[in-house]
Each structure stands twice: as structure tokens, then as C-alpha cells.
$ cat entry.pdb   # PDB, C-alpha atoms and all ligand atoms
ATOM      1  CA  MET F 225      95.627 100.729  95.752
ATOM      2  CA  ALA F 226      98.442  98.334  95.101
ATOM      3  CA  TYR F 227     101.588  99.412  93.304
ATOM      4  CA  THR F 228     101.850  97.596  90.003
ATOM      5  CA  GLN F 229     105.029  96.715  88.164
ATOM      6  CA  PRO F 230     105.420  98.740  84.958
ATOM      7  CA  ALA F 231     105.778  96.655  81.812
ATOM      8  CA  LEU F 232     109.241  96.511  80.298
ATOM      9  CA  ALA F 233     109.508  98.703  77.203
ATOM     10  CA  TYR F 234     111.643  96.026  75.481
ATOM     11  CA  ALA F 235     111.886  92.259  75.201
ATOM     12  CA  GLU F 236     113.890  90.367  77.827
ATOM     13  CA  THR F 237     116.420  89.506  75.104
ATOM     14  CA  ALA F 238     116.678  93.073  73.784
ATOM     15  CA  LEU F 239     119.583  94.214  75.969
ATOM     16  CA  GLU F 240     121.855  91.319  75.004
ATOM     17  CA  PRO F 241     124.780  90.895  74.921
ATOM     18  CA  HIS F 242     125.182  93.605  77.574
ATOM     19  CA  ILE F 243     122.489  92.278  79.915
ATOM     20  CA  SER F 244     121.240  88.753  79.291
ATOM     21  CA  ALA F 245     117.636  87.627  79.143
ATOM     22  CA  LYS F 246     118.447  85.371  82.092
ATOM     23  CA  THR F 247     119.473  88.362  84.198
ATOM     24  CA  ILE F 248     116.328  90.255  83.189
ATOM     25  CA  SER F 249     114.159  87.234  83.947
ATOM     26  CA  PHE F 250     115.473  87.038  87.512
ATOM     27  CA  HIS F 251     115.998  90.752  88.130
ATOM     28  CA  TYR F 252     112.713  92.022  86.673
ATOM     29  CA  GLY F 253     110.739  88.818  87.092
ATOM     30  CA  LYS F 254     111.830  87.808  90.619
ATOM     31  CA  HIS F 255     113.762  90.479  92.545
ATOM     32  CA  HIS F 256     111.659  93.459  91.508
ATOM     33  CA  VAL F 257     108.412  91.517  91.837
ATOM     34  CA  ALA F 258     109.382  90.480  95.364
ATOM     35  CA  TYR F 259     110.011  94.089  96.442
ATOM     36  CA  ILE F 260     106.633  95.112  95.012
ATOM     37  CA  ASN F 261     104.756  92.234  96.637
ATOM     38  CA  ASN F 262     106.424  92.907  99.991
ATOM     39  CA  TYR F 263     105.602  96.610  99.745
ATOM     40  CA  ASN F 264     101.963  95.978  98.834
ATOM     41  CA  ASN F 265     101.576  93.471 101.667
ATOM     42  CA  LEU F 266     103.085  95.902 104.189
ATOM     43  CA  VAL F 267     100.884  98.874 103.266
ATOM     44  CA  ALA F 268      97.676  96.892 102.679
ATOM     45  CA  GLY F 269      94.984  97.951 105.101
ATOM     46  CA  THR F 270      96.866 101.052 106.258
ATOM     47  CA  PRO F 271      96.339 104.709 105.284
ATOM     48  CA  MET F 272      99.484 104.381 103.138
ATOM     49  CA  ASP F 273      97.517 102.163 100.783
ATOM     50  CA  SER F 274      95.795 105.257  99.376
ATOM     51  CA  GLN F 275      99.029 107.263  98.933
ATOM     52  CA  SER F 276     101.358 107.170  95.964
ATOM     53  CA  ILE F 277     104.507 105.127  96.444
ATOM     54  CA  GLU F 278     106.554 108.340  96.236
ATOM     55  CA  GLU F 279     104.521 109.873  99.072
ATOM     56  CA  VAL F 280     104.986 106.758 101.196
ATOM     57  CA  ILE F 281     108.750 106.620 100.554
ATOM     58  CA  LEU F 282     109.139 110.238 101.731
ATOM     59  CA  ALA F 283     106.845 109.726 104.717
ATOM     60  CA  VAL F 284     108.592 106.639 106.125
ATOM     61  CA  ALA F 285     112.197 107.454 105.123
ATOM     62  CA  ASN F 286     113.382 108.286 108.643
ATOM     63  CA  ASP F 287     110.945 106.170 110.640
ATOM     64  CA  PRO F 288     112.749 103.257 112.336
ATOM     65  CA  GLN F 289     109.386 101.535 112.780
ATOM     66  CA  LYS F 290     108.813 101.486 109.023
ATOM     67  CA  VAL F 291     112.189 100.344 107.685
ATOM     68  CA  GLY F 292     110.604  97.402 105.863
ATOM     69  CA  ILE F 293     108.116  99.635 104.082
ATOM     70  CA  PHE F 294     110.884 102.038 103.117
ATOM     71  CA  ASN F 295     113.279  99.361 101.886
ATOM     72  CA  ASN F 296     110.692  97.531  99.786
ATOM     73  CA  GLY F 297     108.963 100.688  98.551
ATOM     74  CA  ALA F 298     112.190 102.426  97.579
ATOM     75  CA  GLN F 299     113.490  99.295  95.873
ATOM     76  CA  ALA F 300     110.184  98.978  93.988
ATOM     77  CA  TRP F 301     110.492 102.601  92.814
ATOM     78  CA  ASN F 302     114.244 102.497  92.085
ATOM     79  CA  HIS F 303     113.854  99.405  89.894
ATOM     80  CA  SER F 304     110.897 100.807  87.926
ATOM     81  CA  PHE F 305     113.076 103.845  87.241
ATOM     82  CA  TYR F 306     116.104 101.695  86.349
ATOM     83  CA  TRP F 307     114.239  99.692  83.671
ATOM     84  CA  ASN F 308     113.316 102.969  82.004
ATOM     85  CA  CYS F 309     116.957 104.073  82.025
ATOM     86  CA  LEU F 310     117.890 101.175  79.741
ATOM     87  CA  SER F 311     117.191 100.849  76.040
ATOM     88  CA  PRO F 312     118.412  98.551  73.273
ATOM     89  CA  ASN F 313     118.941 101.797  71.330
ATOM     90  CA  GLY F 314     120.711 103.512  74.210
ATOM     91  CA  GLY F 315     124.259 104.612  74.865
ATOM     92  CA  GLY F 316     126.027 107.307  72.950
ATOM     93  CA  THR F 317     125.682 110.853  74.187
ATOM     94  CA  PRO F 318     122.806 113.147  75.118
ATOM     95  CA  THR F 319     121.660 116.011  72.928
ATOM     96  CA  GLY F 320     119.890 119.302  73.448
ATOM     97  CA  PRO F 321     119.507 121.107  76.787
ATOM     98  CA  LEU F 322     120.633 118.122  78.870
ATOM     99  CA  ALA F 323     123.867 117.826  76.878
ATOM    100  CA  ALA F 324     124.561 121.518  77.378
ATOM    101  CA  LYS F 325     123.834 121.246  81.113
ATOM    102  CA  ILE F 326     126.194 118.242  81.450
ATOM    103  CA  ASP F 327     128.932 120.250  79.761
ATOM    104  CA  ALA F 328     128.231 123.212  82.048
ATOM    105  CA  ASP F 329     128.127 121.236  85.315
ATOM    106  CA  PHE F 330     130.756 118.535  84.685
ATOM    107  CA  GLY F 331     133.033 120.212  82.139
ATOM    108  CA  SER F 332     132.407 117.637  79.412
ATOM    109  CA  PHE F 333     130.478 114.456  78.703
ATOM    110  CA  GLU F 334     133.706 112.488  79.145
ATOM    111  CA  LYS F 335     134.213 113.927  82.633
ATOM    112  CA  PHE F 336     130.599 113.111  83.505
ATOM    113  CA  ARG F 337     131.081 109.574  82.186
ATOM    114  CA  GLU F 338     134.156 109.073  84.385
ATOM    115  CA  GLU F 339     132.356 110.420  87.432
ATOM    116  CA  LEU F 340     129.335 108.164  86.894
ATOM    117  CA  LYS F 341     131.518 105.123  86.278
ATOM    118  CA  ASN F 342     133.576 105.913  89.373
ATOM    119  CA  ALA F 343     130.482 106.262  91.552
ATOM    120  CA  ALA F 344     129.005 103.015  90.237
ATOM    121  CA  THR F 345     132.184 101.017  90.685
ATOM    122  CA  THR F 346     133.132 102.412  94.109
ATOM    123  CA  GLN F 347     129.726 102.141  95.792
ATOM    124  CA  PHE F 348     130.718  99.710  98.580
ATOM    125  CA  GLY F 349     128.338  96.774  98.582
ATOM    126  CA  SER F 350     124.801  97.012  97.240
ATOM    127  CA  GLY F 351     123.356 100.242  95.955
ATOM    128  CA  TRP F 352     122.851 102.621  93.091
ATOM    129  CA  ALA F 353     124.690 105.301  91.101
ATOM    130  CA  TRP F 354     122.630 108.256  89.907
ATOM    131  CA  LEU F 355     122.641 111.368  87.787
ATOM    132  CA  VAL F 356     120.423 113.815  89.675
ATOM    133  CA  LEU F 357     119.359 117.436  89.492
ATOM    134  CA  ASP F 358     120.053 119.008  92.887
ATOM    135  CA  ASN F 359     118.875 122.598  93.335
ATOM    136  CA  GLY F 360     119.471 123.327  89.674
ATOM    137  CA  THR F 361     122.837 121.565  89.404
ATOM    138  CA  LEU F 362     123.463 118.162  87.835
ATOM    139  CA  LYS F 363     125.389 115.864  90.168
ATOM    140  CA  VAL F 364     126.493 112.237  90.281
ATOM    141  CA  VAL F 365     125.625 110.588  93.578
ATOM    142  CA  LYS F 366     125.616 107.046  94.928
ATOM    143  CA  THR F 367     123.216 105.511  97.431
ATOM    144  CA  GLY F 368     123.509 102.352  99.513
ATOM    145  CA  ASN F 369     121.028  99.474  99.554
ATOM    146  CA  ALA F 370     117.497 100.866  98.973
ATOM    147  CA  GLN F 371     118.379 104.522  99.524
ATOM    148  CA  THR F 372     117.040 106.860  96.865
ATOM    149  CA  PRO F 373     117.762 110.518  95.986
ATOM    150  CA  LEU F 374     114.028 111.219  96.270
ATOM    151  CA  THR F 375     114.389 111.532 100.049
ATOM    152  CA  GLY F 376     116.968 114.305  99.691
ATOM    153  CA  GLY F 377     114.839 116.349  97.328
ATOM    154  CA  GLN F 378     117.055 115.515  94.368
ATOM    155  CA  VAL F 379     115.425 114.762  91.014
ATOM    156  CA  PRO F 380     116.632 111.457  89.512
ATOM    157  CA  ILE F 381     117.663 111.763  85.867
ATOM    158  CA  LEU F 382     119.337 108.347  85.368
ATOM    159  CA  THR F 383     120.436 105.413  87.523
ATOM    160  CA  ILE F 384     122.541 102.276  87.398
ATOM    161  CA  ASP F 385     121.712  99.383  89.738
ATOM    162  CA  VAL F 386     124.961  98.045  91.204
ATOM    163  CA  TRP F 387     123.508  95.322  93.418
ATOM    164  CA  GLU F 388     125.244  92.042  92.539
ATOM    165  CA  HIS F 389     121.935  90.605  91.295
ATOM    166  CA  ALA F 390     122.058  93.195  88.498
ATOM    167  CA  TYR F 391     125.237  91.813  86.936
ATOM    168  CA  TYR F 392     126.539  88.656  88.581
ATOM    169  CA  LEU F 393     125.056  86.161  86.095
ATOM    170  CA  ASP F 394     126.658  88.048  83.202
ATOM    171  CA  TYR F 395     129.795  89.615  84.655
ATOM    172  CA  GLN F 396     130.458  87.799  87.978
ATOM    173  CA  ASN F 397     132.814  90.078  89.942
ATOM    174  CA  ARG F 398     133.506  92.425  87.020
ATOM    175  CA  ARG F 399     131.249  95.297  88.063
ATOM    176  CA  PRO F 400     133.294  97.875  86.090
ATOM    177  CA  ASP F 401     132.616  95.950  82.856
ATOM    178  CA  TYR F 402     128.869  95.928  83.576
ATOM    179  CA  VAL F 403     128.926  99.656  84.324
ATOM    180  CA  SER F 404     130.824 100.475  81.137
ATOM    181  CA  ALA F 405     128.478  98.293  79.076
ATOM    182  CA  ILE F 406     125.477 100.183  80.426
ATOM    183  CA  ILE F 407     126.948 103.654  79.973
ATOM    184  CA  ASP F 408     128.253 102.994  76.473
ATOM    185  CA  ASN F 409     125.401 100.881  75.072
ATOM    186  CA  LEU F 410     122.184 101.055  77.089
ATOM    187  CA  LEU F 411     121.606 104.383  78.855
ATOM    188  CA  ASP F 412     118.404 105.891  77.453
ATOM    189  CA  TRP F 413     119.251 109.568  76.956
ATOM    190  CA  GLU F 414     115.741 110.288  75.671
ATOM    191  CA  PHE F 415     114.306 109.148  79.019
ATOM    192  CA  ALA F 416     116.942 111.248  80.791
ATOM    193  CA  ALA F 417     116.078 114.282  78.672
ATOM    194  CA  ARG F 418     112.384 113.931  79.586
ATOM    195  CA  ASN F 419     113.268 113.755  83.302
ATOM    196  CA  PHE F 420     115.488 116.797  82.940
ATOM    197  CA  ALA F 421     112.841 118.767  81.036
ATOM    198  CA  ALA F 422     110.162 117.875  83.588
ATOM    199  CA  ALA F 423     112.376 119.135  86.429
ATOM    200  CA  ASN F 424     112.864 122.562  84.863
TER     201      ASN F 424
HETATM  202 MN   MN3 F 501     118.241  95.369  91.439
END

$ encode --input "entry.pdb" --output "C-alpha cells"
Amino acid sequence: MAYTQPALAYAETALEPHISAKTISFHYGKHHVAYINNYNNLVAGTPMDSQSIEEVILAVANDPQKVGIFNNGAQAWNHSFYWNCLSPNGGGTPTGPLAAKIDADFGSFEKFREELKNAATTQFGSGWAWLVLDNGTLKVVKTGNAQTPLTGGQVPILTIDVWEHAYYLDYQNRRPDYVSAIIDNLLDWEFAARNFAAAN
């Protein structure tokens, strides 16, 4: 069955001024939709059509014959995850077990924040910065293009899309400003806490 785009949990204007409605309209309404349509067209009529998108991503990750399925499927999944990482009531700091684990694994929230910002700003070209749980340890990692931590067995907790289409209308070349705006104002720590709890 076809993969369907999850509804946004907020209005297209809700993330302003940090991310404009115009960016959301293109990013959610055009880029993400295109990845999903491409993915559905590529798996239609194949056995992959009956698998979950996560199963397909893992199955085709290292298959040079299925690069198109991987790229579109992983981008479909990464973006669905990304929209959930953002909230008009986001930013600030985590609480509870996730906050304690960040302190334990990074030293402090401030050190984690610097590591995430550094990963997001130094990812060369298109890609993603992530907070993941890797064998019981929280880590910040970055992935290029459509690559996703799912293929390495890491559990995504949060992500920031650093493809230019994510910020160019609002920030042009100023990727660090976009990254800071997300970390300080939009990251949904309640979503992150649910991902962390589900992984334990
Ligand atoms: Mn994107």
C-alpha cells in the first residue's frame, strides 16, 4: 500500500518567524510530496509495496540497483520525522529521563547544543544532523543526502534538515542562523522524549 504523507501537526504559518509559511509550502507541499510520489511509483507492483517504508529502506540500503528507491524512500521517511521534530511551542531544554541522559552522555545540555549545531553547520552539502541513540548511548551524527541513521541500527531521537531547500528562502546562505533558530525555538522535546522512551 502506498506511503501517505503525515499531516502537519501545526499550521504552515505556525513556525514563523523562524521558518516561513512559504518555506513550509514548498518544503512540505512540494519537495516532500515529490519524494513520496517517486517512492510510491517505484515500489508499485513490486513485493516492496506490501512492506513498511522502514523495511524497504533497510532492504535496499546497499543495493546499487535500488538507489532510486532508497533515496526517495529515505527522504520520505526523514522528512516525516523532521516535521514531527518541530513545534511552535518547541525550543528550550528537555526534561525528565532524556535530560538526564543528555547530561550523562554529553556533559551538559549546552555541550550537546554545541555538538548538534556544529554537526548541522558542518555537514558538507545536503544532508541531516541527528540526535540518535546508538547501543544505549546518545550521539550526534550527520548524514549526507538521503542517508538515514536507520540503516546503521541507530534510533533517531531528533533531526534537523540542512538541505538548502529547508532554509534558503528564509536565511539564504546563513545556515548557522537557521540551525540556531530551530534549536532554540522549534525543537519538540516532547517528541524527542517519546522517541527516547520507546527505544528503552
Ligand atoms: Mn528537506

$ resolve_selection --input "entry.pdb" --expression "the PyMOL selection byres (((not hetatm)) within 6 of (chain F and resi 501))" --output "list in words"
Asp385, Trp387 and Ala390 of chain F

$ resolve_selection --input "entry.pdb" --expression "the PyMOL selection byres (((chain F and resi 244) around 12) and not hetatm)" --output "list in words"
Ala235, Glu236, Thr237, Ala238, Leu239, Glu240, Pro241, His242, Ile243, Ala245, Lys246, Thr247, Ile248, Ser249, Phe250, His251, Tyr252, Pro312, Ala390, Tyr391, Tyr392, Leu393, Asp394, Tyr395, Tyr402 and Ala405 of chain F

$ atom_distance --input "entry.pdb" --atom1 "atom CA of F:Leu322" --atom2 "atom CA of F:Asp412"
12.5 Å

$ resolve_selection --input "entry.pdb" --expression "the PyMOL selection byres (((chain F and resi 357) around 12) and not hetatm)" --output "MDAnalysis selection string"
chainID F and resid 322 325:326 329 354:356 358:365 373:374 376:382 416:417 419:424

$ atom_distance --input "entry.pdb" --atom1 "atom CA of F:Val386" --atom2 "atom CA of F:Gly349"
8.2 Å

$ residues_near_point --input "entry.pdb" --point "(105.0, 99.0, 99.5)" --cutoff "7 Å" --atoms "only C-alpha atoms" --output "mmCIF file with C-alpha atoms, in the frame of the given file"
data_model
loop_
_atom_site.group_PDB
_atom_site.id
_atom_site.type_symbol
_atom_site.label_atom_id
_atom_site.label_comp_id
_atom_site.auth_asym_id
_atom_site.auth_seq_id
_atom_site.Cartn_x
_atom_site.Cartn_y
_atom_site.Cartn_z
ATOM 1 C CA ILE F 260 106.633 95.112 95.012
ATOM 2 C CA ASN F 262 106.424 92.907 99.991
ATOM 3 C CA TYR F 263 105.602 96.610 99.745
ATOM 4 C CA ASN F 264 101.963 95.978 98.834
ATOM 5 C CA ASN F 265 101.576 93.471 101.667
ATOM 6 C CA LEU F 266 103.085 95.902 104.189
ATOM 7 C CA VAL F 267 100.884 98.874 103.266
ATOM 8 C CA ILE F 277 104.507 105.127 96.444
ATOM 9 C CA ILE F 293 108.116 99.635 104.082
ATOM 10 C CA ASN F 296 110.692 97.531 99.786
ATOM 11 C CA GLY F 297 108.963 100.688 98.551
#

$ atom_distance --input "entry.pdb" --atom1 "atom CA of F:Lys254" --atom2 "atom CA of F:Tyr227"
15.7 Å

$ residues_around --input "entry.pdb" --residues "F:Phe348" --least-positions-apart "3" --cutoff "12 Å" --atoms "all atoms listed in the file" --output "NGL selection string"
:F and (342-345 or 351-353 or 366-369 or 386-388 or 399)

$ closest_residue --input "entry.pdb" --among "F:Gln275, F:Ile384, F:Pro400, F:Phe294" --to "F:Asn308" --atoms "all atoms listed in the file"
F:Ile384

$ closest_residue --input "entry.pdb" --among "F:Lys335, F:His303, F:Lys341, F:His256" --to "F:Val403" --atoms "only C-alpha atoms"
F:Lys341
